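For reference, data-v4.pdb (PDB, C-alpha atoms):
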ATOM      1  CA  MET F 584     -55.460  -7.926  12.252
ATOM      2  CA  ILE F 585     -56.505 -11.564  12.576
ATOM      3  CA  VAL F 586     -57.349 -13.285   9.308
ATOM      4  CA  THR F 587     -59.289 -16.535   9.258
ATOM      5  CA  LEU F 588     -58.379 -18.699   6.297
ATOM      6  CA  PRO F 589     -60.938 -21.143   4.949
ATOM      7  CA  PRO F 590     -59.438 -24.679   5.183
ATOM      8  CA  ASP F 591     -59.421 -25.153   1.399
ATOM      9  CA  TYR F 592     -58.211 -21.638   0.515
ATOM     10  CA  ARG F 593     -55.833 -21.253  -2.430
ATOM     11  CA  PRO F 594     -54.679 -17.868  -3.757
ATOM     12  CA  SER F 595     -56.219 -16.963  -7.089
ATOM     13  CA  ASP F 596     -55.398 -14.473  -9.829
ATOM     14  CA  ASP F 597     -59.059 -13.411  -9.646
ATOM     15  CA  GLU F 598     -58.469 -11.671  -6.284
ATOM     16  CA  GLU F 599     -56.597  -8.521  -5.405
ATOM     17  CA  PHE F 600     -52.865  -9.311  -5.251
ATOM     18  CA  MET F 601     -51.531  -9.796  -1.713
ATOM     19  CA  ASN F 602     -54.886  -9.211  -0.077
ATOM     20  CA  PRO F 603     -55.047 -10.242   3.620
ATOM     21  CA  LEU F 604     -56.065 -13.832   2.758
ATOM     22  CA  GLN F 605     -53.125 -14.297   0.384
ATOM     23  CA  VAL F 606     -50.697 -12.761   2.847
ATOM     24  CA  GLU F 607     -51.949 -15.044   5.628
ATOM     25  CA  TYR F 608     -51.816 -18.074   3.316
ATOM     26  CA  PHE F 609     -48.161 -17.476   2.461
ATOM     27  CA  ARG F 610     -47.271 -16.564   6.063
ATOM     28  CA  ARG F 611     -48.652 -19.911   7.252
ATOM     29  CA  LYS F 612     -46.965 -21.755   4.392
ATOM     30  CA  LEU F 613     -43.600 -20.216   5.314
ATOM     31  CA  LEU F 614     -44.079 -20.920   9.026
ATOM     32  CA  ARG F 615     -44.953 -24.590   8.348
ATOM     33  CA  TRP F 616     -41.899 -24.949   6.102
ATOM     34  CA  ARG F 617     -39.678 -23.373   8.769
ATOM     35  CA  THR F 618     -41.112 -25.650  11.487
ATOM     36  CA  ASP F 619     -40.521 -28.744   9.325
ATOM     37  CA  LEU F 620     -36.908 -27.737   8.643
ATOM     38  CA  LEU F 621     -36.252 -27.094  12.332
ATOM     39  CA  LYS F 622     -37.754 -30.468  13.274
ATOM     40  CA  GLU F 623     -35.558 -32.215  10.703
ATOM     41  CA  ALA F 624     -32.524 -30.382  12.101
ATOM     42  CA  ASP F 625     -33.409 -31.525  15.624
ATOM     43  CA  ASP F 626     -33.815 -35.107  14.397
ATOM     44  CA  THR F 627     -30.421 -34.925  12.699
ATOM     45  CA  LEU F 628     -28.779 -33.528  15.804
ATOM     46  CA  THR F 629     -30.287 -36.284  17.942
ATOM     47  CA  SER F 630     -29.190 -38.899  15.432
ATOM     48  CA  LEU F 631     -25.643 -37.549  15.314
ATOM     49  CA  GLN F 632     -25.415 -37.393  19.104
ATOM     50  CA  ASN F 633     -26.690 -40.949  19.531
ATOM     51  CA  GLY F 634     -24.921 -42.573  16.616
ATOM     52  CA  GLY F 635     -21.202 -42.676  17.116
ATOM     53  CA  LEU F 636     -19.172 -44.411  14.460
ATOM     54  CA  GLN F 637     -19.044 -47.879  16.004
ATOM     55  CA  GLU F 638     -18.814 -49.785  12.728
ATOM     56  CA  PRO F 639     -16.087 -52.445  13.018
ATOM     57  CA  ASP F 640     -15.751 -52.869   9.254
ATOM     58  CA  LEU F 641     -13.754 -50.160   7.448
ATOM     59  CA  THR F 642     -16.140 -50.141   4.476
ATOM     60  CA  ASP F 643     -19.175 -49.788   6.745
ATOM     61  CA  ARG F 644     -17.452 -47.018   8.680
ATOM     62  CA  ALA F 645     -16.580 -45.172   5.449
ATOM     63  CA  SER F 646     -20.169 -45.510   4.265
ATOM     64  CA  ALA F 647     -21.470 -44.182   7.600
ATOM     65  CA  GLU F 648     -19.043 -41.236   7.396
ATOM     66  CA  THR F 649     -20.231 -40.432   3.877
ATOM     67  CA  ASP F 650     -23.868 -40.555   5.007
ATOM     68  CA  ARG F 651     -23.050 -38.315   7.960
ATOM     69  CA  ALA F 652     -21.238 -35.767   5.760
ATOM     70  CA  LEU F 653     -24.167 -35.719   3.316
ATOM     71  CA  GLU F 654     -26.605 -35.181   6.185
ATOM     72  CA  LEU F 655     -24.513 -32.287   7.522
ATOM     73  CA  ARG F 656     -24.401 -30.634   4.079
ATOM     74  CA  THR F 657     -28.165 -31.049   3.806
ATOM     75  CA  ARG F 658     -28.632 -29.436   7.230
ATOM     76  CA  ASP F 659     -26.357 -26.555   6.224
ATOM     77  CA  ARG F 660     -28.527 -25.921   3.166
ATOM     78  CA  ALA F 661     -31.596 -26.065   5.410
ATOM     79  CA  ARG F 662     -29.995 -23.539   7.778
ATOM     80  CA  LYS F 663     -29.497 -21.123   4.873
ATOM     81  CA  LEU F 664     -33.057 -21.771   3.725
ATOM     82  CA  ILE F 665     -34.388 -20.912   7.198
ATOM     83  CA  GLY F 666     -32.629 -17.552   6.874
ATOM     84  CA  LYS F 667     -34.423 -16.961   3.560
ATOM     85  CA  ILE F 668     -37.739 -17.994   5.116
ATOM     86  CA  ASP F 669     -37.148 -15.551   7.975
ATOM     87  CA  ALA F 670     -36.418 -12.808   5.430
ATOM     88  CA  ALA F 671     -39.674 -13.645   3.589
ATOM     89  CA  LEU F 672     -41.604 -13.468   6.872
ATOM     90  CA  GLU F 673     -40.010 -10.076   7.510
ATOM     91  CA  ARG F 674     -41.161  -8.930   4.047
ATOM     92  CA  ILE F 675     -44.672 -10.050   4.974
ATOM     93  CA  GLU F 676     -44.477  -7.916   8.121
ATOM     94  CA  ASN F 677     -43.273  -4.822   6.256
ATOM     95  CA  GLY F 678     -45.697  -5.237   3.336
ATOM     96  CA  THR F 679     -43.180  -5.950   0.569
ATOM     97  CA  TYR F 680     -43.764  -9.708   0.272
ATOM     98  CA  GLY F 681     -44.777 -10.886  -3.179
ATOM     99  CA  TYR F 682     -43.240  -7.958  -5.032
ATOM    100  CA  CYS F 683     -40.071  -8.165  -7.125
ATOM    101  CA  GLU F 684     -37.088  -6.555  -5.389
ATOM    102  CA  GLU F 685     -35.765  -5.403  -8.753
ATOM    103  CA  THR F 686     -38.851  -4.063 -10.536
ATOM    104  CA  GLY F 687     -41.436  -3.657  -7.777
ATOM    105  CA  GLU F 688     -43.904  -5.629  -9.907
ATOM    106  CA  PRO F 689     -45.945  -8.479  -8.405
ATOM    107  CA  ILE F 690     -44.330 -11.917  -8.457
ATOM    108  CA  SER F 691     -46.778 -14.413  -9.948
ATOM    109  CA  LEU F 692     -48.828 -16.476  -7.514
ATOM    110  CA  ARG F 693     -47.689 -19.648  -9.300
ATOM    111  CA  ARG F 694     -44.053 -18.707  -8.639
ATOM    112  CA  LEU F 695     -44.755 -17.858  -5.004
ATOM    113  CA  GLU F 696     -46.653 -21.118  -4.594
ATOM    114  CA  ALA F 697     -43.676 -23.063  -5.953
ATOM    115  CA  ARG F 698     -41.000 -20.952  -4.229
ATOM    116  CA  PRO F 699     -42.510 -18.867  -1.414
ATOM    117  CA  ILE F 700     -39.114 -17.302  -0.654
ATOM    118  CA  ALA F 701     -38.814 -15.827  -4.166
ATOM    119  CA  THR F 702     -37.663 -12.211  -4.239
ATOM    120  CA  LEU F 703     -37.601 -11.732  -8.016
ATOM    121  CA  SER F 704     -40.221 -12.162 -10.708
ATOM    122  CA  ILE F 705     -39.487 -14.850 -13.286
ATOM    123  CA  GLU F 706     -38.398 -12.224 -15.812
ATOM    124  CA  ALA F 707     -36.042 -10.517 -13.344
ATOM    125  CA  GLN F 708     -34.669 -13.905 -12.213
ATOM    126  CA  GLU F 709     -33.980 -14.889 -15.825
ATOM    127  CA  ARG F 710     -32.182 -11.556 -16.433
ATOM    128  CA  HIS F 711     -30.174 -12.090 -13.258
ATOM    129  CA  GLU F 712     -29.178 -15.617 -14.327
ATOM    130  CA  ARG F 713     -28.215 -14.414 -17.825
ATOM    131  CA  MET F 714     -26.021 -11.706 -16.279
ATOM    132  CA  GLU F 715     -24.410 -14.258 -13.949
ATOM    133  CA  LYS F 716     -23.717 -16.604 -16.856
ATOM    134  CA  THR F 717     -22.249 -13.788 -18.946
ATOM    135  CA  HIS F 718     -19.952 -12.674 -16.138
ATOM    136  CA  ARG F 719     -19.011 -16.248 -15.259
ATOM    137  CA  ASP F 720     -17.992 -16.957 -18.872
ATOM    138  CA  ASP F 721     -15.593 -13.973 -18.934
TER     139      ASP F 721
END
Any chance you could give the structure as structure tokens?
Amino acid sequence: MIVTLPPDYRPSDDEEFMNPLQVEYFRRKLLRWRTDLLKEADDTLTSLQNGGLQEPDLTDRASAETDRALELRTRDRARKLIGKIDAALERIENGTYGYCEETGEPISLRRLEARPIATLSIEAQERHERMEKTHRDD
């Protein structure tokens, strides 16, 4: 089914949750985010391939190495994020997107807007974090 989104569309609590417009809105949002991350990764790869460490000064070389290591860590986080985006897109395809994995209740639109890869409602996420903290303190 092809859904045409109005250019200024924003999901609203006044509509049916995860109606076709909302689903399409979040699908596009996730796809844009994924495309941006992949472009940044390509730019990083190009930069790393072109920019050998030619700095004659030891301090400059150390600084360049630090920048390079930071960029690689950032790209690794982006790689993991792309996996989460792909999982969210899969949930859209199978009709489970927007619903808490723990309770089956809808995840708030505000939470999905802020974190479109969310799999838990705020309440379930808070419980999860409390449990983690309790087990970590043991």
Item to check | Using only C-alpha atoms: which of F:Asp659, F:Asp669, F:Met601, F:Leu641 has the shortest distance to Thr618 in chain F | outcome: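 Of all the options, F:Asp669 lies closest to Thr618 in chain F.
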Item to check | Gap from CA of Ala671 in chain F to CA of Glu598 in chain F - Å, one decimal | outcome: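 According to the coordinates, CA of Ala671 in chain F and CA of Glu598 in chain F are separated by 21.3 Å.
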Item to check | For Asp596 in chain F: contacts at 10 Å, all atoms listed in the file, fewer than 2 positions along chain excluded, given as a list in words | outcome: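 That gives Pro594, Glu598, Glu599, Phe600, Ser691, Leu692 and Arg693 of chain F.
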Next on the checklist: Which polymer residues, whether protein, DNA or RNA, lie within 12 Å of the coordinate (-28.1, -40.7, 7.2) when you count all atoms listed in the file? List them as a list in words, using the chain letters and numbers from the file.
Outcome noted: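 It turns out the residues near that spot are Glu623, Asp626, Thr627, Leu628, Thr629, Ser630, Leu631, Gly634, Ser646, Ala647, Glu648, Thr649, Asp650, Arg651, Ala652, Leu653, Glu654, Leu655, Arg656, Thr657 and Arg658 of chain F.
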Can you spell out as a PDB file with C-alpha atoms, keeping the file's coordinate frame the set of residues that the PyMOL selection byres ((chain F and resi 705) around 12) selects in the structure I just provided?
ATOM      1  CA  TYR F 682     -43.240  -7.958  -5.032  1.00  0.00           C
ATOM      2  CA  CYS F 683     -40.071  -8.165  -7.125  1.00  0.00           C
ATOM      3  CA  GLU F 684     -37.088  -6.555  -5.389  1.00  0.00           C
ATOM      4  CA  GLU F 685     -35.765  -5.403  -8.753  1.00  0.00           C
ATOM      5  CA  THR F 686     -38.851  -4.063 -10.536  1.00  0.00           C
ATOM      6  CA  GLU F 688     -43.904  -5.629  -9.907  1.00  0.00           C
ATOM      7  CA  PRO F 689     -45.945  -8.479  -8.405  1.00  0.00           C
ATOM      8  CA  ILE F 690     -44.330 -11.917  -8.457  1.00  0.00           C
ATOM      9  CA  SER F 691     -46.778 -14.413  -9.948  1.00  0.00           C
ATOM     10  CA  LEU F 692     -48.828 -16.476  -7.514  1.00  0.00           C
ATOM     11  CA  ARG F 693     -47.689 -19.648  -9.300  1.00  0.00           C
ATOM     12  CA  ARG F 694     -44.053 -18.707  -8.639  1.00  0.00           C
ATOM     13  CA  LEU F 695     -44.755 -17.858  -5.004  1.00  0.00           C
ATOM     14  CA  ALA F 697     -43.676 -23.063  -5.953  1.00  0.00           C
ATOM     15  CA  ARG F 698     -41.000 -20.952  -4.229  1.00  0.00           C
ATOM     16  CA  ALA F 701     -38.814 -15.827  -4.166  1.00  0.00           C
ATOM     17  CA  THR F 702     -37.663 -12.211  -4.239  1.00  0.00           C
ATOM     18  CA  LEU F 703     -37.601 -11.732  -8.016  1.00  0.00           C
ATOM     19  CA  SER F 704     -40.221 -12.162 -10.708  1.00  0.00           C
ATOM     20  CA  GLU F 706     -38.398 -12.224 -15.812  1.00  0.00           C
ATOM     21  CA  ALA F 707     -36.042 -10.517 -13.344  1.00  0.00           C
ATOM     22  CA  GLN F 708     -34.669 -13.905 -12.213  1.00  0.00           C
ATOM     23  CA  GLU F 709     -33.980 -14.889 -15.825  1.00  0.00           C
ATOM     24  CA  ARG F 710     -32.182 -11.556 -16.433  1.00  0.00           C
ATOM     25  CA  HIS F 711     -30.174 -12.090 -13.258  1.00  0.00           C
ATOM     26  CA  GLU F 712     -29.178 -15.617 -14.327  1.00  0.00           C
TER      27      GLU F 712
END
